[in-house]
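Have a look at the structure below, then the notes.
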2 protein chains.
Amino acid sequence: MSPPAVLLVRPQLGENIGAAARAMMNFGLRDLRLVAPRDGWPNPAAEAMAASATSILDDAKVFDSTADAVGDLVHVWATTARQRYMLKPSQTPRHAAARMREVAQRGEPCGILFGPERSGLENDEVALADTLINVPANPEMSSLNLAQAVLLTGYEWFQTGDTTPGEVIPEGKTGPASKEELEGFFEHLIGELDACGFLRNNQHRPIMVRNIRNMFLRAGLFEQEVRTLRGVVSCLVNGRKPLPRDGEDGR
Amino acid sequence: MSPPAVLLVRPQLGENIGAAARAMMNFGLRDLRLVAPRDGWPNPAAEAMAASATSILDDAKVFDSTADAVGDLVHVWATTARQRYMLKPSQTPRHAAARMREVAQRGEPCGILFGPERSGLENDEVALADTLINVPANPEMSSLNLAQAVLLTGYEWFQTGDTTPGEVIPEGKTGPASKEELEGFFEHLIGELDACGFLRNNQHRPIMVRNIRNMFLRAGLFEQEVRTLRGVVSCLVNGRKPLPRDGEDGR
């Protein structure tokens, strides 16, 4: 399966080519194609910006025309910021990325055209594409920097193949506390709060106990944290003197 | 409803502050907060990069400490590229953006911490946040430029409030062709293909007719395009001389 090619058409600034290569590397794209880069190729300004993505620049292919650069591709998308008045489907980057994943999985090579910084793609270049990509953005300032447009499309491509859950808690060696461990902590805490008189108002006692339970339950405690909390309660109860700080006792 | 605040903690390069402001403007964020910017504030390099987003820089608030900068917020996210070994939920930008939209709709102010370019946030700064954001990216090169991290989180925020359909075809004054219009075209074309002998093989004729139908149906033609195709067929049949080009006949 080949990830989409990134085709920069008549790019003006080497810095943007380098930043685009870096964005490609961030999101697993490899095939960079340059159509008539203004300042020739290779370009030292591109290499300075590419950080550890210079291998993408080294492998970049240079073409004279956009038609040549897309010649071996089966599906071509073109990024555009402005309305082109063509009867051509226009997709969000997210929708387009899902389609790119489908065609790549069928083994059909695809690519994405990005126009020059100042003017964007010419209409005849846009006409080479099957589909447009338009990034939903603030209508008061919808134009994106070239490398940022590459970044967003690369980001969406990568997400279609990524299985990171929306939310995780990195547990390390501990795990979520069981209800038994939590109950042990609550008994300990409430016993001490009875002993010190915090819960002496019998009328309010049941509500206060429930409120205390609720705030700790909402925290979704881990085993290790329950042990820490039991230590906190014991220490507060026993009124131990502060331990010597690290280093002061020779540790 | 307030969009999330963007908090740049000890940012080093003015260029990145400016590019972050531009990314904020692209995606409807307004509240920029700077914690101890290395080169002081205001910073001409930031203004040069911000393009038409300088109003965001003009309104930026500067703080001495991260704790002060988050003081009025109810929910704080922190972007991190590396594992912090803290029992704190870590979310994708997409998941986090959906949560930000929820809290913003409840009127609860929130913000996102971004660390300095070289080192990222210190652990004690990360500890101020409720939740981490980690951008799924190529493990061989997962670190993002500061402004690009702002761009991606802003992009995801904007998408949660955007209703652009995944794919549209901008129709202009035309609309999709009705089956009747398509049938008129097919009758016209097939009649002419019968007349010129293209369909003279009676055994293959039904298959060829279906194949021709299929390719035009897959195109999802618009009314205007059906009229164009009928003109194409008529012109090919009649063998008219080429019309003068635009301009040559005084138009």
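Note on naming: chains are A, B, ... as they come in the structure tokens, residues start from 1 per chain, ligands start from 1 in the order shown.
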Using only C-alpha atoms, which chain A residues lie at most 6 Å away from chain B, written as a PDB file with N, CA and C atoms, in the first residue's frame?
```pdb
ATOM      1  N   ASN A  26       6.237  13.569   9.684  1.00  0.00           N
ATOM      2  CA  ASN A  26       5.425  13.429  10.895  1.00  0.00           C
ATOM      3  C   ASN A  26       4.267  12.456  10.696  1.00  0.00           C
ATOM      4  N   PHE A  27       3.750  12.423   9.475  1.00  0.00           N
ATOM      5  CA  PHE A  27       2.528  11.650   9.279  1.00  0.00           C
ATOM      6  C   PHE A  27       2.669  10.547   8.233  1.00  0.00           C
ATOM      7  N   GLY A  28       3.918  10.057   8.093  1.00  0.00           N
ATOM      8  CA  GLY A  28       4.111   8.811   7.346  1.00  0.00           C
ATOM      9  C   GLY A  28       3.967   8.928   5.838  1.00  0.00           C
ATOM     10  N   LYS A  88     -17.000  19.657  -9.899  1.00  0.00           N
ATOM     11  CA  LYS A  88     -16.045  18.668  -9.429  1.00  0.00           C
ATOM     12  C   LYS A  88     -16.298  18.505  -7.944  1.00  0.00           C
ATOM     13  N   PRO A  89     -16.313  17.275  -7.432  1.00  0.00           N
ATOM     14  CA  PRO A  89     -16.613  17.117  -5.997  1.00  0.00           C
ATOM     15  C   PRO A  89     -15.560  17.805  -5.132  1.00  0.00           C
ATOM     16  N   SER A  90     -16.007  18.435  -4.068  1.00  0.00           N
ATOM     17  CA  SER A  90     -15.121  19.091  -3.108  1.00  0.00           C
ATOM     18  C   SER A  90     -15.307  18.395  -1.769  1.00  0.00           C
ATOM     19  N   GLN A  91     -14.209  17.948  -1.168  1.00  0.00           N
ATOM     20  CA  GLN A  91     -14.288  17.168   0.065  1.00  0.00           C
ATOM     21  C   GLN A  91     -13.553  17.874   1.200  1.00  0.00           C
ATOM     22  N   THR A  92     -13.951  17.573   2.420  1.00  0.00           N
ATOM     23  CA  THR A  92     -13.159  17.990   3.577  1.00  0.00           C
ATOM     24  C   THR A  92     -11.898  17.109   3.626  1.00  0.00           C
ATOM     25  N   HIS A  95     -12.843  13.622   5.019  1.00  0.00           N
ATOM     26  CA  HIS A  95     -13.531  12.747   4.070  1.00  0.00           C
ATOM     27  C   HIS A  95     -12.544  12.273   2.997  1.00  0.00           C
ATOM     28  N   ALA A 137     -12.521  26.356   7.511  1.00  0.00           N
ATOM     29  CA  ALA A 137     -11.761  27.285   8.352  1.00  0.00           C
ATOM     30  C   ALA A 137     -12.554  28.568   8.488  1.00  0.00           C
ATOM     31  N   ASN A 138     -12.053  29.444   9.341  1.00  0.00           N
ATOM     32  CA  ASN A 138     -12.656  30.752   9.576  1.00  0.00           C
ATOM     33  C   ASN A 138     -12.806  31.502   8.248  1.00  0.00           C
ATOM     34  N   MET A 141     -10.488  34.322   7.513  1.00  0.00           N
ATOM     35  CA  MET A 141      -9.074  34.068   7.197  1.00  0.00           C
ATOM     36  C   MET A 141      -8.908  32.575   6.963  1.00  0.00           C
ATOM     37  N   SER A 142      -9.249  32.169   5.751  1.00  0.00           N
ATOM     38  CA  SER A 142      -9.280  30.738   5.482  1.00  0.00           C
ATOM     39  C   SER A 142      -8.004  30.244   4.798  1.00  0.00           C
ATOM     40  N   GLY A 166      -9.475   7.424  21.828  1.00  0.00           N
ATOM     41  CA  GLY A 166      -9.670   8.853  22.061  1.00  0.00           C
ATOM     42  C   GLY A 166      -9.087   9.301  23.389  1.00  0.00           C
ATOM     43  N   GLU A 167      -9.218   8.459  24.413  1.00  0.00           N
ATOM     44  CA  GLU A 167      -8.658   8.794  25.727  1.00  0.00           C
ATOM     45  C   GLU A 167      -8.069   7.552  26.368  1.00  0.00           C
ATOM     46  N   VAL A 168      -6.866   7.680  26.894  1.00  0.00           N
ATOM     47  CA  VAL A 168      -6.273   6.601  27.695  1.00  0.00           C
ATOM     48  C   VAL A 168      -5.638   7.236  28.928  1.00  0.00           C
ATOM     49  N   ILE A 169      -5.518   6.430  29.985  1.00  0.00           N
ATOM     50  CA  ILE A 169      -4.706   6.853  31.127  1.00  0.00           C
ATOM     51  C   ILE A 169      -3.528   5.895  31.182  1.00  0.00           C
TER      52      ILE A 169
END
```
_DSSP on the backbone: which residues in range 7-220 of chain A end up as alpha helix (DSSP H)? Give the answer as an NGL selection string._
:A and (14-26 or 44-49 or 54-58 or 66-69 or 93-105 or 123-126 or 146-160 or 179-195 or 205-218)
_DSSP-assigned strand (DSSP E) members of range 129-167 of chain B, reported as a PyMOL selection string_ = chain B and resi 131-133+167
Generate a file of the selected residues that holds N, CA and C atoms, formatted as a tab-separated table (two decimals), in the first residue's frame.
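Dumped to selection.tsv:
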```tsv
chain	number	residue	atom	x	y	z
B	131	THR	N	-5.87	17.29	31.76
B	131	THR	CA	-5.84	16.28	30.72
B	131	THR	C	-4.68	16.58	29.78
B	132	LEU	N	-4.09	15.54	29.23
B	132	LEU	CA	-3.03	15.70	28.24
B	132	LEU	C	-3.59	15.55	26.83
B	133	ILE	N	-2.92	16.18	25.88
B	133	ILE	CA	-3.22	15.95	24.46
B	133	ILE	C	-1.96	15.41	23.81
B	167	GLU	N	-18.55	15.70	1.47
B	167	GLU	CA	-18.36	15.94	0.04
B	167	GLU	C	-19.54	16.74	-0.50
```
*Might you pull out every residue within 12 Å of Ser119 in chain B, with only C-alpha atoms counted and same-chain residues fewer than 4 positions away left off, and present them as a PyMOL selection string?*
chain B and resi 9-12+80-82+114-115+123+143-146
Quick one: everything within 7 Å of Met1 in chain A, counting only C-alpha atoms, minus sequence neighbours fewer than 5 positions away in the same chain. Send it as a PDB file with all heavy atoms, in the first residue's frame.
```pdb
ATOM      1  N   ALA A 104      -5.752   3.486  -1.592  1.00  0.00           N
ATOM      2  CA  ALA A 104      -4.410   2.960  -1.317  1.00  0.00           C
ATOM      3  C   ALA A 104      -4.499   1.475  -0.958  1.00  0.00           C
ATOM      4  O   ALA A 104      -3.663   0.674  -1.367  1.00  0.00           O
ATOM      5  CB  ALA A 104      -3.750   3.753  -0.189  1.00  0.00           C
ATOM      6  N   GLN A 105      -5.537   1.108  -0.206  1.00  0.00           N
ATOM      7  CA  GLN A 105      -5.685  -0.305   0.158  1.00  0.00           C
ATOM      8  C   GLN A 105      -6.026  -1.171  -1.051  1.00  0.00           C
ATOM      9  O   GLN A 105      -5.737  -2.361  -1.059  1.00  0.00           O
ATOM     10  CB  GLN A 105      -6.739  -0.455   1.259  1.00  0.00           C
ATOM     11  CG  GLN A 105      -6.161  -0.069   2.626  1.00  0.00           C
ATOM     12  CD  GLN A 105      -7.195   0.017   3.721  1.00  0.00           C
ATOM     13  OE1 GLN A 105      -8.393   0.131   3.455  1.00  0.00           O
ATOM     14  NE2 GLN A 105      -6.749  -0.010   4.963  1.00  0.00           N
ATOM     15  N   GLY A 107      -4.534  -0.670  -3.746  1.00  0.00           N
ATOM     16  CA  GLY A 107      -3.294  -0.640  -4.522  1.00  0.00           C
ATOM     17  C   GLY A 107      -3.302   0.390  -5.636  1.00  0.00           C
ATOM     18  O   GLY A 107      -2.479   0.320  -6.550  1.00  0.00           O
TER      19      GLY A 107
END
```
_For a test of reading the model, state the distance in Å between CA of Phe63 in chain A and CA of Glu108 in chain A, rounded to one decimal._
21.1 Å
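Between CA of Ala48 in chain A and CA of Gly14 in chain A the separation is 8.9 Å.
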*asked:* Can you tell me which residues surround range 178-186 of chain B at a distance of at most 7 Å, considering only C-alpha atoms, apart from same-chain residues fewer than 3 positions away, and format the answer as a list of chain:residue names?
replied: B:Leu189, B:Ile190, B:Val226, B:Arg230
_d(CA of Ala97 in chain A, CA of Thr153 in chain A) in Å_ = 7.2 Å
*Shell of 8 Å around Ala21 in chain B, only C-alpha atoms, local chain residues under 4 positions omitted, as a ChimeraX atom specification*: /B:17,25,32,50,53-54,56-57
_Near-Glu125 in chain A list (12 Å; only C-alpha atoms; drop same-chain fewer than 4 positions) as a PyMOL selection string_ = chain A and resi 7-10+35+65-70+76-80+84+112-116+120-121+129-132
_Nearest residue to Lys173 in chain A out of A:Glu223, A:Arg210, A:Cys110, A:Asp72, using only C-alpha atoms?_
A:Glu223
